[in-house]
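*Asks:* I am sharing data.txt, which consists of compact mmCIF, C-alpha atoms and all ligand atoms:
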```
# COMPACT_ATOMS: atom_id res chain seq x y z
CA MET G 1 59.82 -57.62 42.68
CA THR G 2 57.23 -60.21 43.75
CA GLU G 3 56.59 -60.43 47.47
CA SER G 4 56.88 -63.76 49.21
CA ILE G 5 53.49 -64.81 50.53
CA ARG G 6 53.03 -66.55 53.86
CA PHE G 7 49.31 -65.88 54.06
CA LEU G 8 47.54 -68.70 52.22
CA LEU G 9 43.99 -68.62 53.52
CA PRO G 10 41.23 -69.70 51.14
CA GLY G 11 40.04 -66.11 51.42
CA PRO G 12 40.52 -63.38 52.16
CA SER G 13 43.70 -63.82 50.15
CA TYR G 14 46.99 -61.95 50.25
CA VAL G 15 46.84 -58.38 48.96
CA THR G 16 50.13 -57.02 47.60
CA ASN G 17 51.75 -53.88 49.00
CA GLU G 18 51.11 -51.80 45.90
CA VAL G 19 47.41 -52.70 45.94
CA ARG G 20 47.14 -51.88 49.64
CA GLU G 21 48.90 -48.57 48.99
CA ALA G 22 46.30 -47.69 46.35
CA MET G 23 43.79 -47.44 49.21
CA THR G 24 45.52 -44.33 50.57
CA ALA G 25 44.27 -42.14 47.69
CA PRO G 26 42.30 -39.08 48.90
CA SER G 27 38.56 -39.30 49.61
CA ILE G 28 36.10 -38.45 46.87
CA GLY G 29 32.32 -38.11 46.99
CA HIS G 30 30.45 -41.05 45.54
CA ARG G 31 28.00 -38.92 43.55
CA GLY G 32 30.61 -36.70 41.94
CA PRO G 33 32.43 -36.86 38.59
CA ASP G 34 35.64 -38.41 39.99
CA PHE G 35 33.74 -41.38 41.34
CA LYS G 36 31.73 -41.79 38.15
CA ALA G 37 34.98 -41.88 36.19
CA LEU G 38 36.46 -44.47 38.58
CA TYR G 39 33.31 -46.58 38.43
CA ALA G 40 33.16 -46.43 34.64
CA SER G 41 36.83 -47.31 34.27
CA LEU G 42 36.30 -50.61 36.12
CA GLN G 43 33.71 -51.87 33.61
CA SER G 44 35.97 -53.10 30.87
CA PRO G 45 38.41 -55.12 33.07
CA LEU G 46 35.48 -56.54 35.06
CA GLN G 47 33.72 -57.64 31.87
CA ALA G 48 36.96 -59.32 30.84
CA VAL G 49 37.19 -61.16 34.17
CA PHE G 50 33.56 -62.31 34.09
CA ARG G 51 33.81 -63.03 30.33
CA THR G 52 30.68 -61.09 29.54
CA THR G 53 29.63 -58.27 27.26
CA SER G 54 26.92 -57.32 29.78
CA ASP G 55 27.38 -54.85 32.59
CA VAL G 56 29.06 -55.84 35.84
CA LEU G 57 27.37 -54.31 38.88
CA MET G 58 28.66 -53.88 42.41
CA ALA G 59 27.27 -53.93 45.93
CA SER G 60 28.93 -52.83 49.17
CA GLY G 61 29.14 -55.75 51.51
CA SER G 62 30.28 -59.32 51.48
CA ALA G 63 29.33 -61.94 48.90
CA THR G 64 26.53 -63.29 51.07
CA LEU G 65 24.63 -60.04 50.47
CA VAL G 66 24.26 -60.77 46.77
CA MET G 67 23.55 -64.48 47.40
CA GLU G 68 20.57 -63.21 49.39
CA SER G 69 19.72 -60.45 46.89
CA ALA G 70 19.74 -62.87 43.96
CA VAL G 71 17.03 -65.09 45.43
CA VAL G 72 15.06 -62.22 46.99
CA SER G 73 15.02 -60.33 43.69
CA THR G 74 14.23 -63.16 41.30
CA VAL G 75 12.58 -66.13 43.03
CA ARG G 76 8.84 -65.78 43.33
CA ARG G 77 7.99 -69.31 44.33
CA SER G 78 10.49 -72.14 44.16
CA VAL G 79 14.24 -72.52 43.94
CA LEU G 80 16.53 -75.53 43.68
CA HIS G 81 19.84 -75.32 45.52
CA CYS G 82 22.64 -77.62 44.39
CA THR G 83 24.70 -78.25 47.52
CA CYS G 84 28.00 -80.01 48.12
CA GLY G 85 29.42 -78.08 51.06
CA ALA G 86 28.92 -75.29 53.57
CA PHE G 87 28.62 -72.27 51.27
CA ALA G 88 26.05 -73.88 48.99
CA GLU G 89 24.12 -74.90 52.11
CA ARG G 90 24.21 -71.28 53.25
CA TRP G 91 22.38 -70.28 50.07
CA LEU G 92 19.70 -72.87 50.81
CA GLU G 93 19.37 -71.51 54.35
CA ILE G 94 18.98 -67.97 52.99
CA SER G 95 16.06 -69.04 50.79
CA ARG G 96 14.44 -70.83 53.71
CA CYS G 97 14.85 -67.69 55.86
CA HIS G 98 12.71 -65.92 53.26
CA GLY G 99 10.04 -68.62 53.32
CA LEU G 100 10.70 -69.64 49.72
CA ASP G 101 9.92 -73.14 48.52
CA ALA G 102 13.57 -74.18 48.55
CA ASP G 103 14.61 -77.69 47.52
CA GLU G 104 18.06 -79.19 47.85
CA LEU G 105 19.94 -81.38 45.41
CA SER G 106 22.86 -82.45 47.54
CA ALA G 107 26.08 -84.24 46.70
CA PRO G 108 28.12 -85.66 49.60
CA TRP G 109 30.76 -83.25 50.92
CA GLY G 110 33.89 -83.68 48.81
CA GLU G 111 32.00 -84.58 45.65
CA ALA G 112 30.65 -82.49 42.79
CA ILE G 113 27.04 -82.14 41.69
CA ASP G 114 26.07 -84.83 39.18
CA PRO G 115 24.53 -83.30 36.01
CA ASP G 116 22.29 -86.36 35.52
CA LEU G 117 20.79 -85.99 38.98
CA LEU G 118 20.21 -82.31 38.28
CA ARG G 119 18.43 -83.25 35.06
CA GLN G 120 16.17 -85.66 36.94
CA ALA G 121 15.38 -83.06 39.62
CA LEU G 122 14.39 -80.53 36.94
CA ARG G 123 12.12 -83.08 35.28
CA ARG G 124 10.29 -83.67 38.57
CA LYS G 125 9.45 -80.05 39.36
CA SER G 126 9.68 -76.60 37.85
CA TYR G 127 11.75 -73.88 39.50
CA ASP G 128 12.19 -70.13 39.12
CA ALA G 129 15.94 -70.53 39.67
CA VAL G 130 18.71 -73.03 40.32
CA THR G 131 21.69 -72.04 42.44
CA ILE G 132 25.15 -73.52 41.90
CA THR G 133 28.35 -72.90 43.83
CA HIS G 134 31.12 -73.04 41.25
CA ASN G 135 34.02 -73.56 43.63
CA GLU G 136 32.99 -74.91 47.05
CA THR G 137 35.57 -73.42 49.41
CA SER G 138 34.68 -75.62 52.39
CA THR G 139 35.64 -78.82 50.55
CA GLY G 140 37.89 -77.68 47.68
CA VAL G 141 35.51 -78.96 45.02
CA LEU G 142 35.12 -77.37 41.58
CA ASN G 143 31.70 -78.17 40.11
CA PRO G 144 31.32 -78.88 36.36
CA LEU G 145 29.52 -75.58 35.91
CA ALA G 146 29.39 -75.46 32.11
CA GLU G 147 27.67 -78.84 32.07
CA LEU G 148 25.33 -78.07 34.97
CA ALA G 149 24.25 -74.74 33.49
CA ALA G 150 23.62 -76.43 30.14
CA VAL G 151 21.37 -78.99 31.85
CA VAL G 152 19.35 -76.21 33.49
CA ARG G 153 18.95 -74.46 30.14
CA GLU G 154 17.98 -77.66 28.32
CA GLU G 155 15.45 -78.83 30.89
CA SER G 156 13.82 -75.66 32.14
CA ALA G 157 13.29 -71.92 32.04
CA ALA G 158 14.87 -71.56 35.49
CA LEU G 159 17.49 -68.87 36.01
CA VAL G 160 21.05 -70.04 36.63
CA LEU G 161 22.38 -68.26 39.73
CA VAL G 162 26.06 -68.88 40.40
CA ASP G 163 28.34 -68.23 43.35
CA CYS G 164 31.78 -67.90 41.76
CA VAL G 165 33.22 -66.33 44.90
CA SER G 166 36.37 -68.42 45.30
CA GLY G 167 36.89 -69.36 41.65
CA LEU G 168 36.62 -66.10 39.70
CA GLY G 169 40.03 -65.02 38.46
CA GLY G 170 41.55 -68.46 39.24
CA ALA G 171 39.32 -71.06 37.60
CA PRO G 172 38.01 -70.87 34.02
CA PHE G 173 34.64 -69.13 34.08
CA GLU G 174 32.41 -67.98 31.21
CA THR G 175 29.34 -65.92 32.11
CA ASP G 176 28.05 -65.51 28.55
CA ALA G 177 29.17 -68.76 26.93
CA TRP G 178 27.79 -70.86 29.78
CA GLY G 179 24.49 -68.95 30.03
CA ILE G 180 24.83 -67.73 33.61
CA ASP G 181 22.07 -65.31 34.68
CA ILE G 182 23.61 -64.00 37.87
CA ALA G 183 27.29 -64.62 38.65
CA LEU G 184 28.50 -63.15 41.93
CA ALA G 185 31.90 -62.88 43.54
CA GLY G 186 33.56 -61.04 46.39
CA THR G 187 36.78 -59.15 45.72
CA GLN G 188 38.73 -61.01 48.38
CA LYS G 189 39.49 -64.42 46.89
CA ALA G 190 41.28 -65.27 43.63
CA LEU G 191 40.90 -61.65 42.47
CA ALA G 192 43.20 -60.76 45.39
CA ALA G 193 41.73 -57.38 46.29
CA PRO G 194 40.60 -56.54 49.84
CA PRO G 195 37.09 -57.62 50.96
CA GLY G 196 34.12 -55.24 50.94
CA ILE G 197 32.68 -55.25 47.43
CA VAL G 198 30.54 -57.84 45.67
CA LEU G 199 30.72 -57.90 41.88
CA PHE G 200 27.88 -59.44 39.93
CA THR G 201 26.30 -59.87 36.53
CA PHE G 202 22.55 -59.60 35.94
CA SER G 203 21.18 -61.03 32.69
CA PRO G 204 18.16 -59.63 30.81
CA ARG G 205 16.29 -62.86 31.72
CA ALA G 206 17.03 -62.29 35.40
CA ARG G 207 15.93 -58.65 35.12
CA ALA G 208 12.66 -59.67 33.49
CA GLN G 209 11.98 -62.13 36.29
CA ALA G 210 12.86 -59.53 38.95
CA GLU G 211 10.42 -57.08 37.38
CA LYS G 212 7.63 -59.59 37.98
CA LYS G 213 8.42 -59.85 41.67
CA GLU G 214 6.67 -57.27 43.80
CA LEU G 215 8.71 -57.20 47.03
CA ARG G 216 12.46 -57.28 46.54
CA GLY G 217 13.55 -55.47 49.70
CA PHE G 218 15.75 -52.37 49.54
CA TYR G 219 19.37 -53.40 49.98
CA THR G 220 18.55 -56.70 48.26
CA ASP G 221 16.79 -55.26 45.20
CA LEU G 222 19.03 -55.94 42.21
CA LEU G 223 16.90 -53.72 39.96
CA ARG G 224 17.77 -50.81 42.25
CA TYR G 225 21.48 -51.57 41.69
CA LEU G 226 20.84 -51.56 37.95
CA ARG G 227 19.21 -48.10 38.06
CA TYR G 228 22.17 -46.62 39.91
CA HIS G 229 24.61 -48.46 37.69
CA ALA G 230 23.14 -46.62 34.70
CA LYS G 231 24.33 -43.40 36.38
CA GLN G 232 27.78 -44.89 37.21
CA GLY G 233 26.94 -45.22 40.84
CA THR G 234 26.16 -47.55 43.69
CA ILE G 235 22.92 -47.52 45.68
CA THR G 236 24.61 -46.50 48.93
CA THR G 237 28.01 -45.15 50.00
CA PRO G 238 30.63 -47.58 48.66
CA PRO G 239 33.97 -48.38 50.34
CA ILE G 240 35.89 -46.14 47.94
CA PRO G 241 39.39 -47.20 49.14
CA ILE G 242 38.52 -50.80 48.23
CA LEU G 243 37.57 -49.64 44.75
CA TYR G 244 40.95 -47.92 44.36
CA ALA G 245 42.59 -51.19 45.38
CA LEU G 246 40.39 -53.13 42.96
CA GLU G 247 41.27 -50.70 40.17
CA ARG G 248 44.99 -51.34 40.72
CA GLN G 249 44.58 -55.09 41.14
CA LEU G 250 42.55 -55.37 37.93
CA GLU G 251 45.46 -53.73 36.10
CA VAL G 252 47.74 -56.43 37.52
CA LEU G 253 45.27 -59.09 36.43
CA VAL G 254 44.90 -57.71 32.90
CA GLU G 255 48.66 -57.45 32.61
CA GLU G 256 49.09 -61.11 33.59
CA GLY G 257 46.22 -62.15 31.29
CA LEU G 258 43.17 -64.02 32.53
CA GLU G 259 43.98 -67.27 30.76
CA GLU G 260 47.56 -67.17 31.99
CA ARG G 261 46.14 -66.69 35.49
CA TRP G 262 43.90 -69.74 35.07
CA ARG G 263 46.96 -71.70 33.89
CA ARG G 264 49.02 -70.55 36.90
CA HIS G 265 46.28 -71.62 39.31
CA ALA G 266 46.01 -75.05 37.65
CA GLU G 267 49.76 -75.39 38.09
CA LEU G 268 49.53 -74.46 41.79
CA ARG G 269 46.95 -77.20 42.21
CA THR G 270 49.18 -79.77 40.46
CA GLN G 271 52.14 -78.71 42.60
CA THR G 272 50.05 -79.20 45.75
CA GLU G 273 48.81 -82.59 44.58
CA GLN G 274 52.33 -83.81 43.85
CA TRP G 275 53.60 -82.72 47.25
CA ALA G 276 50.54 -84.19 49.04
CA THR G 277 50.93 -87.56 47.34
CA GLU G 278 54.63 -87.75 48.19
CA ARG G 279 54.13 -86.81 51.83
CA GLY G 280 51.03 -88.81 52.73
CA TYR G 281 48.47 -85.98 52.75
CA THR G 282 45.18 -87.00 51.16
CA TYR G 283 42.62 -84.87 49.42
CA ALA G 284 39.22 -84.65 51.11
CA SER G 285 37.72 -83.86 47.70
CA ALA G 286 37.25 -86.52 45.02
CA PRO G 287 40.03 -86.65 42.40
CA ASP G 288 37.87 -85.66 39.42
CA CYS G 289 36.66 -82.33 40.81
CA GLY G 290 39.76 -80.71 42.31
CA SER G 291 39.68 -76.96 42.75
CA PRO G 292 42.52 -74.91 41.26
CA THR G 293 42.27 -72.38 44.09
CA VAL G 294 41.69 -74.38 47.31
CA SER G 295 43.11 -77.71 48.48
CA CYS G 296 41.30 -79.35 51.39
CA LEU G 297 43.59 -81.97 52.89
CA ARG G 298 43.76 -84.63 55.58
CA PRO G 299 47.23 -84.93 57.12
CA PRO G 300 49.02 -88.24 57.74
CA ALA G 301 48.06 -90.21 60.87
CA GLY G 302 49.27 -88.62 64.08
CA VAL G 303 49.09 -85.02 62.80
CA ASP G 304 46.12 -83.15 64.22
CA PRO G 305 44.89 -80.56 61.64
CA PRO G 306 43.97 -77.78 64.13
CA ALA G 307 47.38 -78.24 65.84
CA LEU G 308 49.09 -78.04 62.44
CA VAL G 309 47.27 -74.80 61.59
CA GLN G 310 48.23 -73.39 65.00
CA GLY G 311 51.85 -74.51 64.68
CA LEU G 312 52.12 -72.77 61.32
CA ALA G 313 50.52 -69.61 62.74
CA ALA G 314 53.15 -69.59 65.51
CA ARG G 315 55.82 -69.19 62.82
CA GLY G 316 53.87 -66.51 60.92
CA VAL G 317 52.37 -68.76 58.26
CA THR G 318 48.61 -68.72 57.71
CA VAL G 319 46.55 -71.51 56.17
CA GLY G 320 42.85 -72.24 56.63
CA GLY G 321 41.48 -74.69 59.14
CA GLY G 322 38.81 -77.20 58.19
CA TYR G 323 35.35 -75.74 57.70
CA GLY G 324 32.15 -76.64 59.53
CA ARG G 325 31.74 -80.34 60.12
CA TRP G 326 35.16 -81.00 58.55
CA LYS G 327 36.95 -78.74 61.02
CA PRO G 328 38.55 -81.48 63.17
CA GLU G 329 39.82 -83.60 60.30
CA THR G 330 41.01 -81.29 57.51
CA PHE G 331 42.94 -78.09 56.80
CA ARG G 332 42.84 -75.93 53.68
CA ILE G 333 45.49 -74.24 51.58
CA GLY G 334 44.34 -71.23 49.57
CA HIS G 335 46.60 -71.28 46.49
CA MET G 336 44.82 -68.34 44.96
CA GLY G 337 45.32 -64.75 43.89
CA GLU G 338 48.95 -63.71 43.80
CA VAL G 339 50.37 -66.93 45.29
CA ARG G 340 53.31 -68.32 43.27
CA THR G 341 55.07 -71.69 43.02
CA GLU G 342 57.86 -70.49 45.33
CA ASP G 343 55.34 -69.54 48.04
CA LEU G 344 53.87 -73.03 47.96
CA GLY G 345 57.32 -74.59 48.07
CA ALA G 346 58.14 -72.58 51.22
CA LEU G 347 54.76 -73.47 52.75
CA PHE G 348 55.29 -77.20 52.19
CA ALA G 349 58.69 -77.00 53.93
CA ASP G 350 57.03 -75.27 56.90
CA ILE G 351 54.21 -77.83 57.02
CA GLU G 352 56.70 -80.70 57.06
CA GLU G 353 58.67 -79.16 59.90
CA VAL G 354 55.61 -78.41 62.03
CA ALA G 355 54.06 -81.81 61.29
CA GLY G 356 57.37 -83.47 62.20
CA GLN G 357 57.22 -81.82 65.63
CA LEU G 358 53.60 -82.90 66.13
CA SER G 359 53.81 -86.55 65.15
C1 LIG A 401 32.14 -70.19 47.85
C2 LIG A 401 31.81 -69.10 48.80
N1 LIG A 401 30.60 -68.55 48.77
C3 LIG A 401 30.24 -67.57 49.60
C4 LIG A 401 31.10 -67.10 50.55
C5 LIG A 401 30.66 -66.02 51.47
O1 LIG A 401 31.42 -64.89 51.22
P1 LIG A 401 31.37 -63.62 52.20
O2 LIG A 401 32.06 -64.03 53.45
O3 LIG A 401 32.13 -62.61 51.40
O4 LIG A 401 29.95 -63.28 52.41
C6 LIG A 401 32.39 -67.64 50.64
C7 LIG A 401 33.32 -67.16 51.66
O5 LIG A 401 34.31 -67.78 51.98
C8 LIG A 401 32.75 -68.65 49.74
O6 LIG A 401 33.96 -69.19 49.79
```
I need this file expressed as structure tokens, please.
*Replies:*
Amino acid sequence: MTESIRFLLPGPSYVTNEVREAMTAPSIGHRGPDFKALYASLQSPLQAVFRTTSDVLMASGSATLVMESAVVSTVRRSVLHCTCGAFAERWLEISRCHGLDADELSAPWGEAIDPDLLRQALRRKSYDAVTITHNETSTGVLNPLAELAAVVREESAALVLVDCVSGLGGAPFETDAWGIDIALAGTQKALAAPPGIVLFTFSPRARAQAEKKELRGFYTDLLRYLRYHAKQGTITTPPIPILYALERQLEVLVEEGLEERWRRHAELRTQTEQWATERGYTYASAPDCGSPTVSCLRPPAGVDPPALVQGLAARGVTVGGGYGRWKPETFRIGHMGEVRTEDLGALFADIEEVAGQLS
């Protein structure tokens, strides 16, 4: 029986009862044979999710850890950050915190990165890496990643570092076919497992570049993760209950089928768009780059977004508020993970009732 979902944050997303129950399995040591078997068993479903034949590594922490590790491990001199919202800007800030020569190619909030502008930027200067946020959660924008990655490959030798945190498992994503060097995602978004683990790929090109960099930190050294991965292990104590949950949730995902999951998310987006158009809610993101996992909306005149979010919370329904500078004017629906059409239908009815009381 599918559970009805009233928790529609754009991450962390709803975790089903059976996946939460998987976390109650007994403790095991993370250097022993039981853990190695668990770790090894996750490889094949993770490779399927990332669409790669390479290894998928994991770090204990939140996704930001591997955003930081990716630049610390591979960028010796300069990095270009493609930004179109708060999470991409965070990556830029991380590079600047490390004193790297970090440039920004920015699109206005709500718009996607333009491949032609990226091409021009790469012709002006050479970079060790380019960072791209596939699905910008603060604005609900899905970037044309295949095209952007192709531009980087055509114009330069720069690594393609990708944050696929809120898209992986919900939006089409191809690590190998699109030539992504590092793809990183937390477990807590469209994958619908609890937060606490970062999953990432690490291409031979990225490894070669990391080997040339002398100081990569400890917790941020991706080559260290690779050495432990070879022994079916993590560099430090992992949150083992989260891995049990991930193991169960990956079975659910494989059973549904990745492409079917992409199709379901696209349908959730269409359903949201239809409802929004009928009821006078407007998308804050441009129409040609809509995310299948997050809708960032402006309500009709007279409905204050923070009051709407609060009104929904009062009746046990959770959606996301606006993010950063868009906080006062937008709210966000996370239609990701295990959310179904019926859940969205019920949410829209709740929104209409609460909005009716506010306006
Ligand atoms: C696109 C994107 N990147 C990065 C992050 C940061 O993830 P974490 O909070 O797991 O560090 C988030 C979190 O919402 C996100 O949506």
*Asks:* Extract, using all atoms listed in the file, all DNA, RNA and protein residues at most 8 Å from Gly217 (chain G), discarding same-chain residues fewer than 2 positions from it, and format them as a ChimeraX atom specification.
*Replies:* /G:72-73,215,219-221
*Asks:* Kindly work out which residues sit at most 9 Å from ligand LIG 401 (chain A), using all atoms listed in the file, and give the list as a PyMOL selection string.
*Replies:* chain G and resi 10-12+61-67+85-88+90-91+133-138+163-167+184-189+195-198
*Asks:* Emit the selected residues as a PDB file, keeping the file's coordinate frame, including C-alpha atoms.
*Replies:*
```pdb
ATOM      1  CA  PRO G  10      41.230 -69.700  51.140  1.00  0.00           C
ATOM      2  CA  GLY G  11      40.040 -66.110  51.420  1.00  0.00           C
ATOM      3  CA  PRO G  12      40.520 -63.380  52.160  1.00  0.00           C
ATOM      4  CA  GLY G  61      29.140 -55.750  51.510  1.00  0.00           C
ATOM      5  CA  SER G  62      30.280 -59.320  51.480  1.00  0.00           C
ATOM      6  CA  ALA G  63      29.330 -61.940  48.900  1.00  0.00           C
ATOM      7  CA  THR G  64      26.530 -63.290  51.070  1.00  0.00           C
ATOM      8  CA  LEU G  65      24.630 -60.040  50.470  1.00  0.00           C
ATOM      9  CA  VAL G  66      24.260 -60.770  46.770  1.00  0.00           C
ATOM     10  CA  MET G  67      23.550 -64.480  47.400  1.00  0.00           C
ATOM     11  CA  GLY G  85      29.420 -78.080  51.060  1.00  0.00           C
ATOM     12  CA  ALA G  86      28.920 -75.290  53.570  1.00  0.00           C
ATOM     13  CA  PHE G  87      28.620 -72.270  51.270  1.00  0.00           C
ATOM     14  CA  ALA G  88      26.050 -73.880  48.990  1.00  0.00           C
ATOM     15  CA  ARG G  90      24.210 -71.280  53.250  1.00  0.00           C
ATOM     16  CA  TRP G  91      22.380 -70.280  50.070  1.00  0.00           C
ATOM     17  CA  THR G 133      28.350 -72.900  43.830  1.00  0.00           C
ATOM     18  CA  HIS G 134      31.120 -73.040  41.250  1.00  0.00           C
ATOM     19  CA  ASN G 135      34.020 -73.560  43.630  1.00  0.00           C
ATOM     20  CA  GLU G 136      32.990 -74.910  47.050  1.00  0.00           C
ATOM     21  CA  THR G 137      35.570 -73.420  49.410  1.00  0.00           C
ATOM     22  CA  SER G 138      34.680 -75.620  52.390  1.00  0.00           C
ATOM     23  CA  ASP G 163      28.340 -68.230  43.350  1.00  0.00           C
ATOM     24  CA  CYS G 164      31.780 -67.900  41.760  1.00  0.00           C
ATOM     25  CA  VAL G 165      33.220 -66.330  44.900  1.00  0.00           C
ATOM     26  CA  SER G 166      36.370 -68.420  45.300  1.00  0.00           C
ATOM     27  CA  GLY G 167      36.890 -69.360  41.650  1.00  0.00           C
ATOM     28  CA  LEU G 184      28.500 -63.150  41.930  1.00  0.00           C
ATOM     29  CA  ALA G 185      31.900 -62.880  43.540  1.00  0.00           C
ATOM     30  CA  GLY G 186      33.560 -61.040  46.390  1.00  0.00           C
ATOM     31  CA  THR G 187      36.780 -59.150  45.720  1.00  0.00           C
ATOM     32  CA  GLN G 188      38.730 -61.010  48.380  1.00  0.00           C
ATOM     33  CA  LYS G 189      39.490 -64.420  46.890  1.00  0.00           C
ATOM     34  CA  PRO G 195      37.090 -57.620  50.960  1.00  0.00           C
ATOM     35  CA  GLY G 196      34.120 -55.240  50.940  1.00  0.00           C
ATOM     36  CA  ILE G 197      32.680 -55.250  47.430  1.00  0.00           C
ATOM     37  CA  VAL G 198      30.540 -57.840  45.670  1.00  0.00           C
TER      38      VAL G 198
END
```
*Asks:* Mind giving me the straight-line distance from CA of Thr277 (chain G) to CA of Thr83 (chain G) in Å, one decimal?
*Replies:*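 Distance reported for this atom pair: 27.8 Å.
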*Asks:* Can you work out which one of G:Val19, G:Ala286, G:Ile94, G:Val317 has the shortest atom-to-atom distance to Leu142 (chain G), counting all atoms listed in the file?
*Replies:*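 Answer, going by the shortest atom-to-atom distance: G:Ala286.
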*Asks:* Please determine, counting all atoms listed in the file, which residue among G:Phe7, G:Tyr244, G:Tyr228, G:Phe50 has the shortest atom-to-atom distance to Glu21 (chain G).
*Replies:* G:Tyr244
*Asks:* Give as a ChimeraX atom specification every residue, naming chains and numbers as the document does, that has an atom within 10 Å of (25.4, -81.3, 49.8), counting all atoms listed in the file.
*Replies:* /G:81-89,104-113
*Asks:* I need the residues from that last selection saved to file as a PDB file, in the frame of the given file (with C-alpha atoms), if you can.
*Replies:*
```pdb
ATOM      1  CA  HIS G  81      19.840 -75.320  45.520  1.00  0.00           C
ATOM      2  CA  CYS G  82      22.640 -77.620  44.390  1.00  0.00           C
ATOM      3  CA  THR G  83      24.700 -78.250  47.520  1.00  0.00           C
ATOM      4  CA  CYS G  84      28.000 -80.010  48.120  1.00  0.00           C
ATOM      5  CA  GLY G  85      29.420 -78.080  51.060  1.00  0.00           C
ATOM      6  CA  ALA G  86      28.920 -75.290  53.570  1.00  0.00           C
ATOM      7  CA  PHE G  87      28.620 -72.270  51.270  1.00  0.00           C
ATOM      8  CA  ALA G  88      26.050 -73.880  48.990  1.00  0.00           C
ATOM      9  CA  GLU G  89      24.120 -74.900  52.110  1.00  0.00           C
ATOM     10  CA  GLU G 104      18.060 -79.190  47.850  1.00  0.00           C
ATOM     11  CA  LEU G 105      19.940 -81.380  45.410  1.00  0.00           C
ATOM     12  CA  SER G 106      22.860 -82.450  47.540  1.00  0.00           C
ATOM     13  CA  ALA G 107      26.080 -84.240  46.700  1.00  0.00           C
ATOM     14  CA  PRO G 108      28.120 -85.660  49.600  1.00  0.00           C
ATOM     15  CA  TRP G 109      30.760 -83.250  50.920  1.00  0.00           C
ATOM     16  CA  GLY G 110      33.890 -83.680  48.810  1.00  0.00           C
ATOM     17  CA  GLU G 111      32.000 -84.580  45.650  1.00  0.00           C
ATOM     18  CA  ALA G 112      30.650 -82.490  42.790  1.00  0.00           C
ATOM     19  CA  ILE G 113      27.040 -82.140  41.690  1.00  0.00           C
TER      20      ILE G 113
END
```
*Asks:* So the first atom is CA of Val141 (chain G) and the second is CA of Arg6 (chain G); what is the distance between them in Å, to one decimal place?
*Replies:* 23.2 Å
*Asks:* Each residue of region 238-292 of chain G with at least one atom at most 12 Å from region 337-342 of chain G should appear once, together with its nearest atom pair and the corresponding distance in Å (one decimal); atoms considered: all atoms listed in the file; ordering: chain, then increasing residue number; output as a tab-separated table.
*Replies:*
```
residue	atom	partner	partner_atom	distance
G:Gln249	CA	G:Glu338	CA	10.0
G:Leu250	CA	G:Gly337	CA	11.5
G:Val252	CA	G:Glu338	CA	9.7
G:Leu253	CA	G:Gly337	CA	9.4
G:Glu256	CA	G:Glu338	CA	10.5
G:Leu258	CA	G:Gly337	CA	11.6
G:Arg261	CA	G:Gly337	CA	8.7
G:Trp262	CA	G:Gly337	CA	10.2
G:Arg263	CA	G:Arg340	CA	11.8
G:Arg264	CA	G:Arg340	CA	8.0
G:His265	CA	G:Gly337	CA	8.3
G:Ala266	CA	G:Thr341	CA	11.1
G:Glu267	CA	G:Thr341	CA	8.1
G:Leu268	CA	G:Thr341	CA	6.3
G:Arg269	CA	G:Thr341	CA	9.8
G:Thr270	CA	G:Thr341	CA	10.3
G:Gln271	CA	G:Thr341	CA	7.6
G:Thr272	CA	G:Thr341	CA	9.4
G:Trp275	CA	G:Thr341	CA	11.9
G:Pro292	CA	G:Gly337	CA	10.9
```
*Asks:* What lies within 8 Å of region 38-48 of chain G using all atoms listed in the file, ignoring chain neighbours under 3 positions off, as a tab-separated table (two decimals) with C-alpha atoms, in the coordinates of the input?
*Replies:*
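File written: around-v2.tsv
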```tsv
chain	number	residue	atom	x	y	z
G	34	ASP	CA	35.64	-38.41	39.99
G	35	PHE	CA	33.74	-41.38	41.34
G	51	ARG	CA	33.81	-63.03	30.33
G	52	THR	CA	30.68	-61.09	29.54
G	53	THR	CA	29.63	-58.27	27.26
G	54	SER	CA	26.92	-57.32	29.78
G	55	ASP	CA	27.38	-54.85	32.59
G	56	VAL	CA	29.06	-55.84	35.84
G	232	GLN	CA	27.78	-44.89	37.21
G	233	GLY	CA	26.94	-45.22	40.84
G	247	GLU	CA	41.27	-50.70	40.17
G	250	LEU	CA	42.55	-55.37	37.93
G	251	GLU	CA	45.46	-53.73	36.10
G	254	VAL	CA	44.90	-57.71	32.90
G	258	LEU	CA	43.17	-64.02	32.53
```
*Asks:* Using Å and a single decimal, report how far CA of Cys97 (chain G) sits from CA of Pro204 (chain G).
*Replies:*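 Between CA of Pro204 (chain G) and CA of Cys97 (chain G) the gap works out to 26.5 Å.
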*Asks:* I'd like to know which of G:Asp114, G:Glu260, G:Glu352, G:Asp176 is closest to Asn143 (chain G), using all atoms listed in the file.
*Replies:*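 Answer, going by the shortest atom-to-atom distance: G:Asp114.
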*Asks:* Which residue, G:Leu159, G:Leu297, G:Leu243, G:Val71, has the smallest gap to Gly320 (chain G) when you use all atoms listed in the file?
*Replies:*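 For Gly320 (chain G), the nearest of the given residues is G:Leu297.
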*Asks:* Find the residue from G:Glu273, G:Glu353, G:Asp304, G:Glu174 that sits nearest to Gly290 (chain G); use all atoms listed in the file when measuring.
*Replies:* G:Glu273
*Asks:* Quick one: of G:Pro115, G:Gly345, G:Pro305, G:Pro194, who's nearest to Asn17 (chain G), counting only C-alpha atoms?
*Replies:*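 Closest to Asn17 (chain G) of all the choices is G:Pro194.
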